[in-house]
$ cat final00.cif   # mmCIF, C-alpha atoms and all ligand atoms
data_coords
#
loop_
_atom_site.label_atom_id
_atom_site.label_comp_id
_atom_site.auth_asym_id
_atom_site.auth_seq_id
_atom_site.Cartn_x
_atom_site.Cartn_y
_atom_site.Cartn_z
CA MET N 60 -22.78 -1.36 8.46
CA ILE N 61 -21.52 -4.74 9.54
CA VAL N 62 -23.91 -7.65 9.15
CA VAL N 63 -22.81 -10.42 11.51
CA LEU N 64 -24.04 -13.81 10.36
CA LYS N 65 -25.02 -16.72 12.54
CA PRO N 66 -22.25 -19.30 12.94
CA GLU N 67 -21.95 -22.18 10.47
CA LEU N 68 -24.18 -20.68 7.84
CA LYS N 69 -24.19 -22.52 4.50
CA PRO N 70 -22.87 -20.68 1.40
CA ALA N 71 -26.37 -20.67 -0.12
CA ASP N 72 -27.77 -18.94 2.97
CA ILE N 73 -24.93 -16.43 2.96
CA GLN N 74 -25.77 -15.71 -0.67
CA LYS N 75 -29.39 -14.97 0.31
CA VAL N 76 -28.19 -12.34 2.78
CA VAL N 77 -25.92 -10.87 0.10
CA GLU N 78 -28.85 -10.63 -2.30
CA ARG N 79 -30.98 -8.99 0.37
CA ILE N 80 -28.29 -6.38 1.00
CA GLU N 81 -27.89 -5.76 -2.73
CA SER N 82 -31.64 -5.38 -3.15
CA PHE N 83 -31.32 -2.14 -1.17
CA GLY N 84 -28.72 -0.86 -3.63
CA LEU N 85 -25.85 -1.53 -1.21
CA ARG N 86 -22.69 -3.48 -1.95
CA ALA N 87 -21.94 -6.60 0.06
CA HIS N 88 -18.31 -7.31 0.98
CA ILE N 89 -17.83 -10.69 2.62
CA SER N 90 -15.15 -11.20 5.25
CA GLU N 91 -14.63 -14.71 6.51
CA GLY N 92 -13.29 -14.80 10.04
CA LYS N 93 -12.14 -17.83 11.98
CA GLU N 94 -15.44 -18.26 13.75
CA ARG N 95 -18.01 -16.56 11.63
CA THR N 96 -18.60 -14.65 8.45
CA ILE N 97 -19.46 -11.00 8.43
CA ILE N 98 -20.66 -8.88 5.55
CA GLY N 99 -19.89 -5.22 5.10
CA ALA N 100 -23.00 -3.59 3.66
CA ILE N 101 -21.55 -0.50 2.05
CA GLY N 102 -23.24 2.40 0.32
CA ASP N 103 -25.94 4.88 1.14
CA GLU N 104 -27.43 3.34 4.25
CA ARG N 105 -30.45 5.62 4.08
CA LEU N 106 -31.66 3.29 1.31
CA LEU N 107 -32.30 0.72 4.00
CA ALA N 108 -34.52 3.17 5.86
CA ASP N 109 -36.16 1.28 8.68
CA GLN N 110 -36.26 -2.07 6.92
CA SER N 111 -34.23 -3.97 9.42
CA LEU N 112 -31.81 -6.60 8.23
CA GLU N 113 -31.60 -7.93 11.73
CA SER N 114 -34.74 -10.05 11.35
CA PHE N 115 -33.52 -11.65 8.11
CA PRO N 116 -32.80 -15.39 8.43
CA GLY N 117 -29.17 -16.15 9.11
CA VAL N 118 -28.41 -12.67 10.44
CA GLU N 119 -27.36 -12.45 14.06
CA LYS N 120 -26.90 -8.73 14.41
CA VAL N 121 -26.26 -5.54 12.51
CA LEU N 122 -23.71 -3.04 13.75
CA PRO N 123 -22.97 0.43 12.44
CA ILE N 124 -19.43 1.35 11.31
CA LEU N 125 -18.93 4.76 12.82
CA LYS N 126 -15.85 5.84 10.88
CA PRO N 127 -16.34 7.41 7.42
CA TYR N 128 -14.07 4.76 5.89
CA LYS N 129 -15.66 1.35 6.27
CA LEU N 130 -13.96 -1.66 4.65
CA VAL N 131 -10.45 -0.54 5.58
CA SER N 132 -11.42 0.18 9.19
CA ARG N 133 -10.49 -1.89 12.19
CA GLU N 134 -14.20 -1.81 13.10
CA PHE N 135 -14.96 -3.87 9.99
CA GLN N 136 -12.08 -6.30 10.38
CA LYS N 137 -10.38 -6.97 13.70
CA HIS N 138 -7.47 -9.08 12.43
CA ASN N 139 -4.55 -7.71 10.42
CA THR N 140 -4.75 -8.10 6.68
CA VAL N 141 -1.98 -10.28 5.30
CA ILE N 142 -1.37 -9.87 1.57
CA GLU N 143 0.21 -12.65 -0.40
CA VAL N 144 2.49 -11.59 -3.24
CA ALA N 145 4.77 -13.93 -5.14
CA GLY N 146 4.96 -16.36 -2.24
CA ARG N 147 5.65 -13.61 0.30
CA GLU N 148 3.31 -12.44 3.06
CA ILE N 149 3.00 -8.73 3.69
CA GLY N 150 1.49 -7.76 7.03
CA GLY N 151 2.60 -10.89 8.89
CA ARG N 152 5.53 -11.40 11.25
CA LYS N 153 8.11 -10.76 8.58
CA ILE N 154 9.11 -7.22 7.75
CA HIS N 155 9.55 -6.61 4.02
CA VAL N 156 12.05 -4.21 2.58
CA MET N 157 11.35 -2.95 -0.94
CA ALA N 158 14.50 -1.36 -2.29
CA GLY N 159 15.92 -0.07 -5.54
CA PRO N 160 16.42 3.11 -7.50
CA CYS N 161 13.96 6.00 -7.58
CA SER N 162 13.90 5.85 -11.39
CA VAL N 163 14.73 3.11 -13.82
CA GLU N 164 17.47 4.64 -15.97
CA SER N 165 18.95 1.72 -17.93
CA ARG N 166 19.08 -2.07 -17.98
CA ASP N 167 22.45 -2.09 -16.19
CA GLN N 168 21.58 0.63 -13.69
CA VAL N 169 18.60 -1.39 -12.40
CA LEU N 170 20.77 -4.49 -12.01
CA GLU N 171 23.45 -2.49 -10.20
CA SER N 172 20.88 -1.89 -7.44
CA ALA N 173 18.83 -5.07 -7.78
CA LEU N 174 21.69 -7.51 -7.26
CA PRO N 175 23.14 -5.96 -4.08
CA VAL N 176 19.73 -5.25 -2.46
CA LYS N 177 18.75 -8.86 -3.05
CA GLU N 178 22.06 -9.97 -1.56
CA ALA N 179 21.44 -7.75 1.49
CA GLY N 180 18.00 -9.27 2.12
CA ALA N 181 15.50 -6.99 0.37
CA THR N 182 12.41 -8.96 -0.66
CA PHE N 183 11.07 -6.65 -3.42
CA LEU N 184 12.71 -4.49 -6.06
CA ARG N 185 11.40 -0.96 -6.49
CA GLY N 186 11.96 1.34 -9.47
CA GLY N 187 9.92 4.00 -11.25
CA ALA N 188 9.29 3.82 -14.98
CA PHE N 189 6.51 6.44 -15.00
CA LYS N 190 7.75 9.27 -12.81
CA PRO N 191 5.60 11.97 -11.15
CA ARG N 192 8.03 14.90 -11.39
CA THR N 193 7.30 18.33 -9.95
CA SER N 194 8.85 20.00 -12.99
CA PRO N 195 7.75 19.12 -16.53
CA TYR N 196 11.41 19.57 -17.57
CA SER N 197 12.75 16.87 -15.23
CA PHE N 198 13.31 13.27 -16.34
CA GLN N 199 9.86 11.71 -16.71
CA GLY N 200 10.88 8.05 -16.74
CA LEU N 201 11.46 5.50 -19.49
CA GLY N 202 7.86 4.26 -19.62
CA GLU N 203 7.40 0.73 -20.95
CA GLU N 204 11.12 0.40 -21.76
CA GLY N 205 11.75 0.88 -18.03
CA LEU N 206 9.17 -1.77 -17.16
CA ASP N 207 11.05 -4.15 -19.42
CA TYR N 208 14.30 -3.47 -17.52
CA LEU N 209 12.49 -4.19 -14.26
CA ALA N 210 11.16 -7.46 -15.68
CA ASN N 211 14.72 -8.37 -16.66
CA ALA N 212 15.94 -7.61 -13.12
CA ARG N 213 13.17 -9.79 -11.73
CA LYS N 214 14.30 -12.63 -13.96
CA VAL N 215 17.90 -12.23 -12.85
CA THR N 216 17.28 -11.76 -9.11
CA GLY N 217 13.94 -13.46 -8.49
CA LEU N 218 12.73 -10.33 -6.68
CA PRO N 219 9.12 -9.32 -7.30
CA ILE N 220 8.61 -5.76 -8.54
CA ILE N 221 6.85 -2.69 -7.22
CA THR N 222 6.46 0.23 -9.62
CA GLU N 223 4.29 3.31 -9.89
CA VAL N 224 1.31 3.81 -12.16
CA LEU N 225 0.65 7.48 -12.83
CA ASP N 226 -2.31 7.43 -15.13
CA PRO N 227 -5.33 5.11 -15.51
CA ARG N 228 -4.46 4.89 -19.24
CA ASP N 229 -1.16 3.16 -18.36
CA LEU N 230 -2.72 0.72 -15.93
CA ASP N 231 -2.94 -2.23 -18.33
CA VAL N 232 0.69 -2.06 -19.34
CA VAL N 233 2.03 -1.47 -15.81
CA ALA N 234 -0.11 -4.30 -14.41
CA ARG N 235 1.33 -6.66 -17.00
CA TYR N 236 4.85 -6.15 -15.67
CA THR N 237 4.54 -5.53 -11.95
CA ASP N 238 3.69 -7.57 -8.85
CA VAL N 239 2.62 -4.58 -6.75
CA LEU N 240 1.24 -1.33 -8.13
CA GLN N 241 2.37 1.88 -6.48
CA ILE N 242 0.10 4.90 -6.30
CA GLY N 243 2.26 7.89 -5.51
CA ALA N 244 1.67 10.68 -3.03
CA ARG N 245 0.65 13.10 -5.77
CA ASN N 246 -2.04 10.72 -6.95
CA MET N 247 -3.47 9.79 -3.56
CA GLN N 248 -6.66 11.63 -4.42
CA ASN N 249 -6.82 10.71 -8.10
CA PHE N 250 -10.15 9.02 -7.52
CA LYS N 251 -10.43 7.69 -11.06
CA LEU N 252 -7.07 5.93 -10.71
CA LEU N 253 -8.04 4.57 -7.28
CA THR N 254 -11.28 3.17 -8.67
CA GLU N 255 -9.57 1.55 -11.66
CA VAL N 256 -6.91 -0.02 -9.42
CA GLY N 257 -9.70 -1.26 -7.16
CA ARG N 258 -11.21 -3.13 -10.09
CA LEU N 259 -7.91 -4.86 -10.94
CA LYS N 260 -7.66 -6.72 -7.65
CA MET N 261 -3.88 -6.79 -7.62
CA PRO N 262 -1.76 -5.71 -4.64
CA VAL N 263 -1.33 -1.97 -4.41
CA MET N 264 0.75 0.34 -2.28
CA LEU N 265 -0.99 3.64 -1.62
CA LYS N 266 1.29 6.45 -0.53
CA ARG N 267 0.06 9.22 1.73
CA GLY N 268 -0.53 12.53 -0.04
CA LEU N 269 1.80 15.44 0.62
CA SER N 270 -0.77 17.24 2.73
CA ALA N 271 -3.26 14.50 3.47
CA THR N 272 -4.73 13.86 6.88
CA ILE N 273 -4.91 10.28 8.11
CA GLN N 274 -8.66 10.34 7.50
CA GLU N 275 -8.23 11.48 3.89
CA PHE N 276 -5.55 8.80 3.43
CA LEU N 277 -7.88 6.06 4.67
CA LEU N 278 -10.77 7.37 2.58
CA SER N 279 -8.54 7.05 -0.49
CA ALA N 280 -7.77 3.46 0.49
CA GLU N 281 -11.53 2.97 0.85
CA TYR N 282 -11.98 3.96 -2.82
CA ILE N 283 -9.84 0.95 -3.77
CA ALA N 284 -11.49 -1.40 -1.28
CA ALA N 285 -14.99 -0.34 -2.31
CA GLU N 286 -14.30 -1.77 -5.78
CA GLY N 287 -13.46 -5.13 -4.25
CA ASN N 288 -9.66 -4.89 -3.91
CA ARG N 289 -8.58 -5.17 -0.29
CA LYS N 290 -4.92 -5.95 -1.05
CA ILE N 291 -3.81 -2.49 -0.01
CA ILE N 292 -0.54 -1.47 1.66
CA LEU N 293 -0.50 1.98 3.26
CA CYS N 294 2.76 3.92 3.03
CA GLU N 295 3.70 6.94 5.13
CA ARG N 296 6.24 8.96 3.11
CA GLY N 297 6.37 12.27 4.94
CA ILE N 298 4.08 15.26 4.84
CA ARG N 299 4.59 18.93 4.08
CA THR N 300 5.18 21.04 7.19
CA TYR N 301 6.92 24.34 7.94
CA GLU N 302 10.22 22.48 8.49
CA THR N 303 12.80 22.87 5.74
CA GLU N 304 15.83 20.94 7.05
CA THR N 305 14.25 17.77 5.72
CA ARG N 306 12.39 17.42 2.40
CA ASN N 307 9.25 16.29 4.24
CA THR N 308 8.39 15.61 7.87
CA LEU N 309 8.17 11.86 8.32
CA ASP N 310 5.13 11.20 10.49
CA ILE N 311 6.24 8.15 12.45
CA SER N 312 3.14 8.40 14.60
CA ALA N 313 1.15 7.55 11.49
CA VAL N 314 2.24 3.94 12.02
CA PRO N 315 0.51 3.32 15.36
CA VAL N 316 -2.37 5.60 14.38
CA LEU N 317 -3.02 3.70 11.13
CA LYS N 318 -2.57 0.36 12.88
CA GLN N 319 -5.23 1.35 15.38
CA LEU N 320 -7.71 2.65 12.81
CA SER N 321 -7.13 0.12 10.04
CA HIS N 322 -6.29 -3.55 9.54
CA LEU N 323 -4.12 -2.87 6.48
CA PRO N 324 -0.32 -3.30 6.45
CA VAL N 325 1.64 -0.08 7.00
CA PHE N 326 5.01 0.79 5.43
CA ILE N 327 7.42 3.65 6.00
CA ASP N 328 9.36 5.38 3.22
CA PRO N 329 12.29 7.08 4.97
CA SER N 330 13.82 8.17 1.63
CA HIS N 331 11.05 10.56 0.54
CA GLY N 332 10.22 11.11 4.20
CA THR N 333 13.51 12.93 4.78
CA GLY N 334 15.04 13.62 1.35
CA ARG N 335 18.49 12.97 2.88
CA TRP N 336 20.48 9.75 2.61
CA ASP N 337 22.07 10.33 6.04
CA MET N 338 18.62 10.39 7.67
CA VAL N 339 17.33 7.25 5.99
CA ALA N 340 18.82 4.73 8.43
CA PRO N 341 17.63 6.34 11.69
CA MET N 342 14.12 6.85 10.32
CA ALA N 343 13.98 3.31 8.91
CA LEU N 344 14.93 1.94 12.32
CA ALA N 345 12.36 4.20 14.00
CA GLY N 346 9.68 3.02 11.58
CA VAL N 347 10.27 -0.63 12.39
CA ALA N 348 10.44 0.12 16.10
CA ALA N 349 7.07 1.89 15.79
CA GLY N 350 5.48 -1.21 14.26
CA ALA N 351 5.77 -0.77 10.49
CA ASP N 352 5.28 -3.91 8.41
CA GLY N 353 7.87 -2.87 5.88
CA LEU N 354 10.03 -0.19 4.33
CA LEU N 355 10.41 1.39 0.90
CA ILE N 356 14.01 2.53 0.42
CA GLU N 357 15.78 4.14 -2.52
CA VAL N 358 19.14 2.61 -3.41
CA HIS N 359 21.38 3.73 -6.29
CA SER N 360 24.82 2.46 -7.27
CA ASN N 361 25.94 5.99 -8.05
CA PRO N 362 23.63 8.54 -6.38
CA GLU N 363 25.72 11.49 -7.65
CA THR N 364 24.57 10.77 -11.21
CA ALA N 365 21.01 9.58 -10.44
CA LEU N 366 18.34 11.10 -12.70
CA SER N 367 16.04 11.54 -9.70
CA ASP N 368 16.31 11.60 -5.91
CA GLY N 369 20.08 11.02 -5.74
CA PRO N 370 20.46 13.03 -2.49
CA GLN N 371 18.16 10.62 -0.63
CA SER N 372 19.47 7.39 -2.19
CA LEU N 373 21.66 4.95 -0.27
CA LYS N 374 24.66 3.31 -1.87
CA PRO N 375 24.39 -0.50 -1.81
CA LYS N 376 27.03 -0.80 0.94
CA LYS N 377 25.18 1.58 3.26
CA PHE N 378 21.95 -0.26 2.49
CA ALA N 379 23.50 -3.60 3.46
CA ALA N 380 24.74 -2.08 6.73
CA LEU N 381 21.25 -0.75 7.45
CA MET N 382 19.74 -4.20 6.86
CA GLY N 383 22.02 -5.55 9.60
CA GLU N 384 20.82 -2.88 12.04
CA LEU N 385 17.19 -3.45 11.06
CA LYS N 386 17.46 -7.14 11.92
CA LYS N 387 18.27 -6.25 15.52
CA VAL N 388 15.40 -3.77 15.88
CA ALA N 389 12.98 -6.18 14.21
CA ALA N 390 13.95 -8.91 16.68
CA ALA N 391 13.57 -6.48 19.58
CA VAL N 392 9.93 -5.81 18.61
CA GLY N 393 9.07 -9.45 17.98
CA ARG N 394 9.38 -9.36 14.20
CA GLU N 395 11.84 -10.77 11.71
CA LEU N 396 13.50 -9.34 8.66
C1 LIG V 1 8.74 7.38 -5.42
O1 LIG V 1 8.49 6.40 -4.70
O2 LIG V 1 9.75 7.46 -6.16
C2 LIG V 1 7.85 8.56 -5.34
C3 LIG V 1 7.73 9.40 -6.37
O3 LIG V 1 7.25 8.67 -4.15
P1 LIG V 1 6.13 9.73 -3.63
O4 LIG V 1 4.93 9.49 -4.47
O5 LIG V 1 5.96 9.35 -2.20
O6 LIG V 1 6.70 11.12 -3.79
MN MN V 2 11.90 8.93 -5.59
#

$ encode --input "final00.cif" --output "C-alpha cells"
Amino acid sequence: MIVVLKPELKPADIQKVVERIESFGLRAHISEGKERTIIGAIGDERLLADQSLESFPGVEKVLPILKPYKLVSREFQKHNTVIEVAGREIGGRKIHVMAGPCSVESRDQVLESALPVKEAGATFLRGGAFKPRTSPYSFQGLGEEGLDYLANARKVTGLPIITEVLDPRDLDVVARYTDVLQIGARNMQNFKLLTEVGRLKMPVMLKRGLSATIQEFLLSAEYIAAEGNRKIILCERGIRTYETETRNTLDISAVPVLKQLSHLPVFIDPSHGTGRWDMVAPMALAGVAAGADGLLIEVHSNPETALSDGPQSLKPKKFAALMGELKKVAAAVGREL
C-alpha cells in the first residue's frame, strides 16, 4: 500500500512511520516527491490486519496499490524514473542508444565497433562477455577477459559499458567492470539473480523474457525493486509468436503499455526483436516514435564473421546512417538524441 505522509514532515517523524510499518513485518520504501513524501509499505499486507496506519501521527492517508507489482507501478510513483549513470540521464528527454557487438570477441574487435558507434552518437557501449547461448556448443563468451576488453574500450572512447550477467556467481566480477548490468531474456525469471542484483543497487537493464507477459515482466522488475534497487531499465526485445519471417515478434505496443503501467524507462532492442539487420532501422525508428527512452543495437565491423548474431548486426556505416534518421524522429516526438 501507499502511505502518504503529511507535507513538511521532519526526517525523524518520517523514520517513526517507517519503524511502524516495519513493526508489522512489511518493508518501507521511501519515495520523495516534489511536494510530499510517500512510503510504499510492501509485503504481506494481511499482517497489518485491521490495525490502521491512517491514524498514526504524520500519516495523511493510506491507499492500496491494486496491481500485483507495487514499487515499479505508476500507482506508486506518478513521475518517470530518471536513472543517472556516468553523468548521463536515462529516462529523461534524451534518448540513449547503447550499441556494440553481440559478443566481445577480441580487444580489437570491440574497438572496431566502439570507436565508430561513439563517433555516430551512441552514449553507451554494449558487448557480451558471458553469453546465454541456446546451444552448449556455440561460443559462450570470453568471460572476464572479455570484460577487460570492454574496460579498455571504455578507457579509449569514454563510453560507459552495459554487459550481461548470466549467473549470480559472476555478479561480483561483472559489477566491477560494468556501468549497467544486463539481465537477458532467458534469465528474466531467474529470481535468485534478480534478488542479488536488487541488493547491489547498480543500474540494471532487464530484458523481457521470450514468452513473458507484460505482467510477468513487471513482476520480475519488482523482484529487483523489492530489494531496494529502483534503477531499472525495461527492455522489449521481441517475443516468441507463430511468425517465422523474423526471429522474434517485436512488441512495439509494449512501449506505451509499459509507460502506462510503470514509471521505469523503457528501451527497445530491434536487433534481437527481428533477428535481421535490414529490419533494425525501421523498428528502431518505430520504437522511438512509440515513446521508447532508448535503444539497444548490435553493431559489428564484420558481421559475416561474428561469433554470435551476425545476421542481425549493423555495420558501423549503416548504424551511423540510422542515427541520422533517429535524430529526426526523436525531434518529431519532442525528444533529442
Ligand atoms: C544480447 O543482448 O546479446 C542478448 C543475448 O539478448 P536477449 O537476452 O534479449 O536474447
Ligand atoms: Mn545478441

$ residues_near_ligand --input "final00.cif" --ligand "ligand LIG 1 (chain V)" --cutoff "8 Å" --atoms "all atoms listed in the file" --output "list in words"
Cys161, Ser162, Gly186, Gly187, Lys190, Pro191, Arg192, Glu223, Gln241, Ile242, Gly243, Ala244, Arg245, Asn246, Lys266, Arg267, Gly268, Leu269, Arg296, Gly297, Asp328, His331, Gly332, Leu355, Glu357 and Asp368 of chain N

$ write_last_selection --input "final00.cif" --atoms "C-alpha atoms" --output "PDB file, keeping the file's coordinate frame"
ATOM      1  CA  CYS N 161      13.960   6.000  -7.580  1.00  0.00           C
ATOM      2  CA  SER N 162      13.900   5.850 -11.390  1.00  0.00           C
ATOM      3  CA  GLY N 186      11.960   1.340  -9.470  1.00  0.00           C
ATOM      4  CA  GLY N 187       9.920   4.000 -11.250  1.00  0.00           C
ATOM      5  CA  LYS N 190       7.750   9.270 -12.810  1.00  0.00           C
ATOM      6  CA  PRO N 191       5.600  11.970 -11.150  1.00  0.00           C
ATOM      7  CA  ARG N 192       8.030  14.900 -11.390  1.00  0.00           C
ATOM      8  CA  GLU N 223       4.290   3.310  -9.890  1.00  0.00           C
ATOM      9  CA  GLN N 241       2.370   1.880  -6.480  1.00  0.00           C
ATOM     10  CA  ILE N 242       0.100   4.900  -6.300  1.00  0.00           C
ATOM     11  CA  GLY N 243       2.260   7.890  -5.510  1.00  0.00           C
ATOM     12  CA  ALA N 244       1.670  10.680  -3.030  1.00  0.00           C
ATOM     13  CA  ARG N 245       0.650  13.100  -5.770  1.00  0.00           C
ATOM     14  CA  ASN N 246      -2.040  10.720  -6.950  1.00  0.00           C
ATOM     15  CA  LYS N 266       1.290   6.450  -0.530  1.00  0.00           C
ATOM     16  CA  ARG N 267       0.060   9.220   1.730  1.00  0.00           C
ATOM     17  CA  GLY N 268      -0.530  12.530  -0.040  1.00  0.00           C
ATOM     18  CA  LEU N 269       1.800  15.440   0.620  1.00  0.00           C
ATOM     19  CA  ARG N 296       6.240   8.960   3.110  1.00  0.00           C
ATOM     20  CA  GLY N 297       6.370  12.270   4.940  1.00  0.00           C
ATOM     21  CA  ASP N 328       9.360   5.380   3.220  1.00  0.00           C
ATOM     22  CA  HIS N 331      11.050  10.560   0.540  1.00  0.00           C
ATOM     23  CA  GLY N 332      10.220  11.110   4.200  1.00  0.00           C
ATOM     24  CA  LEU N 355      10.410   1.390   0.900  1.00  0.00           C
ATOM     25  CA  GLU N 357      15.780   4.140  -2.520  1.00  0.00           C
ATOM     26  CA  ASP N 368      16.310  11.600  -5.910  1.00  0.00           C
TER      27      ASP N 368
END

$ residues_around --input "final00.cif" --residues "Gly383 (chain N)" --least-positions-apart "4" --cutoff "10 Å" --atoms "all atoms listed in the file" --output "VMD selection string"
chain N and resid 179 to 180 378 to 379 387 to 388 396

$ residues_around --input "final00.cif" --residues "Asp352 (chain N)" --least-positions-apart "2" --cutoff "12 Å" --atoms "all atoms listed in the file" --output "PyMOL selection string"
chain N and resi 139-142+148-157+292-295+314-315+317-318+322-328+343-344+346-350+354-355+389+392-396

$ write_last_selection --input "final00.cif" --atoms "C-alpha atoms" --output "compact mmCIF listing (two decimals), keeping the file's coordinate frame"
# COMPACT_ATOMS: atom_id res chain seq x y z
CA ASN N 139 -4.55 -7.71 10.42
CA THR N 140 -4.75 -8.10 6.68
CA VAL N 141 -1.98 -10.28 5.30
CA ILE N 142 -1.37 -9.87 1.57
CA GLU N 148 3.31 -12.44 3.06
CA ILE N 149 3.00 -8.73 3.69
CA GLY N 150 1.49 -7.76 7.03
CA GLY N 151 2.60 -10.89 8.89
CA ARG N 152 5.53 -11.40 11.25
CA LYS N 153 8.11 -10.76 8.58
CA ILE N 154 9.11 -7.22 7.75
CA HIS N 155 9.55 -6.61 4.02
CA VAL N 156 12.05 -4.21 2.58
CA MET N 157 11.35 -2.95 -0.94
CA ILE N 292 -0.54 -1.47 1.66
CA LEU N 293 -0.50 1.98 3.26
CA CYS N 294 2.76 3.92 3.03
CA GLU N 295 3.70 6.94 5.13
CA VAL N 314 2.24 3.94 12.02
CA PRO N 315 0.51 3.32 15.36
CA LEU N 317 -3.02 3.70 11.13
CA LYS N 318 -2.57 0.36 12.88
CA HIS N 322 -6.29 -3.55 9.54
CA LEU N 323 -4.12 -2.87 6.48
CA PRO N 324 -0.32 -3.30 6.45
CA VAL N 325 1.64 -0.08 7.00
CA PHE N 326 5.01 0.79 5.43
CA ILE N 327 7.42 3.65 6.00
CA ASP N 328 9.36 5.38 3.22
CA ALA N 343 13.98 3.31 8.91
CA LEU N 344 14.93 1.94 12.32
CA GLY N 346 9.68 3.02 11.58
CA VAL N 347 10.27 -0.63 12.39
CA ALA N 348 10.44 0.12 16.10
CA ALA N 349 7.07 1.89 15.79
CA GLY N 350 5.48 -1.21 14.26
CA LEU N 354 10.03 -0.19 4.33
CA LEU N 355 10.41 1.39 0.90
CA ALA N 389 12.98 -6.18 14.21
CA VAL N 392 9.93 -5.81 18.61
CA GLY N 393 9.07 -9.45 17.98
CA ARG N 394 9.38 -9.36 14.20
CA GLU N 395 11.84 -10.77 11.71
CA LEU N 396 13.50 -9.34 8.66

$ closest_residue --input "final00.cif" --among "N:Thr308, N:Thr222, N:Gln74, N:Ser114" --to "ligand MN 2 (chain V)" --atoms "only C-alpha atoms and all ligand atoms"
N:Thr222

$ residues_around --input "final00.cif" --residues "Lys177 (chain N)" --least-positions-apart "6" --cutoff "9 Å" --atoms "all atoms listed in the file" --output "ChimeraX atom specification"
/N:158,183-184,216-218

$ atom_distance --input "final00.cif" --atom1 "CA of Val77 (chain N)" --atom2 "CA of Glu113 (chain N)"
13.3 Å

$ decode --input "final00.cif" --residues "region 99-114 of chain N" --atoms "N, CA and C atoms" --output "tab-separated table (two decimals), in the first residue's frame"
chain	number	residue	atom	x	y	z
N	99	GLY	N	6.09	3.34	0.30
N	99	GLY	CA	5.49	2.10	-0.15
N	99	GLY	C	5.66	1.08	0.96
N	100	ALA	N	4.56	0.60	1.50
N	100	ALA	CA	4.63	-0.45	2.53
N	100	ALA	C	4.38	-1.77	1.82
N	101	ILE	N	5.45	-2.54	1.66
N	101	ILE	CA	5.40	-3.70	0.77
N	101	ILE	C	5.61	-4.99	1.54
N	102	GLY	N	4.80	-5.97	1.21
N	102	GLY	CA	4.92	-7.27	1.86
N	102	GLY	C	3.53	-7.84	2.03
N	103	ASP	N	3.39	-8.76	2.93
N	103	ASP	CA	2.09	-9.39	3.15
N	103	ASP	C	1.21	-8.44	3.98
N	104	GLU	N	0.29	-7.79	3.28
N	104	GLU	CA	-0.50	-6.75	3.95
N	104	GLU	C	-1.49	-7.33	4.97
N	105	ARG	N	-1.69	-8.63	4.91
N	105	ARG	CA	-2.59	-9.23	5.91
N	105	ARG	C	-2.01	-9.08	7.31
N	106	LEU	N	-0.66	-8.90	7.37
N	106	LEU	CA	0.00	-8.74	8.67
N	106	LEU	C	-0.50	-7.48	9.39
N	107	LEU	N	-0.98	-6.54	8.59
N	107	LEU	CA	-1.48	-5.30	9.19
N	107	LEU	C	-2.85	-5.49	9.81
N	108	ALA	N	-3.54	-6.53	9.32
N	108	ALA	CA	-4.92	-6.82	9.72
N	108	ALA	C	-5.72	-5.53	9.76
N	109	ASP	N	-6.41	-5.28	10.85
N	109	ASP	CA	-7.21	-4.04	10.85
N	109	ASP	C	-6.55	-2.94	11.69
N	110	GLN	N	-5.24	-3.08	11.90
N	110	GLN	CA	-4.55	-2.02	12.64
N	110	GLN	C	-4.22	-0.89	11.67
N	111	SER	N	-5.06	0.07	11.65
N	111	SER	CA	-4.92	1.11	10.65
N	111	SER	C	-3.68	1.96	10.86
N	112	LEU	N	-3.02	2.24	9.75
N	112	LEU	CA	-1.86	3.13	9.79
N	112	LEU	C	-2.33	4.58	9.65
N	113	GLU	N	-3.57	4.70	9.22
N	113	GLU	CA	-4.08	6.02	8.88
N	113	GLU	C	-4.11	6.97	10.08
N	114	SER	N	-4.27	6.38	11.28
N	114	SER	CA	-4.37	7.23	12.47
N	114	SER	C	-3.00	7.54	13.08
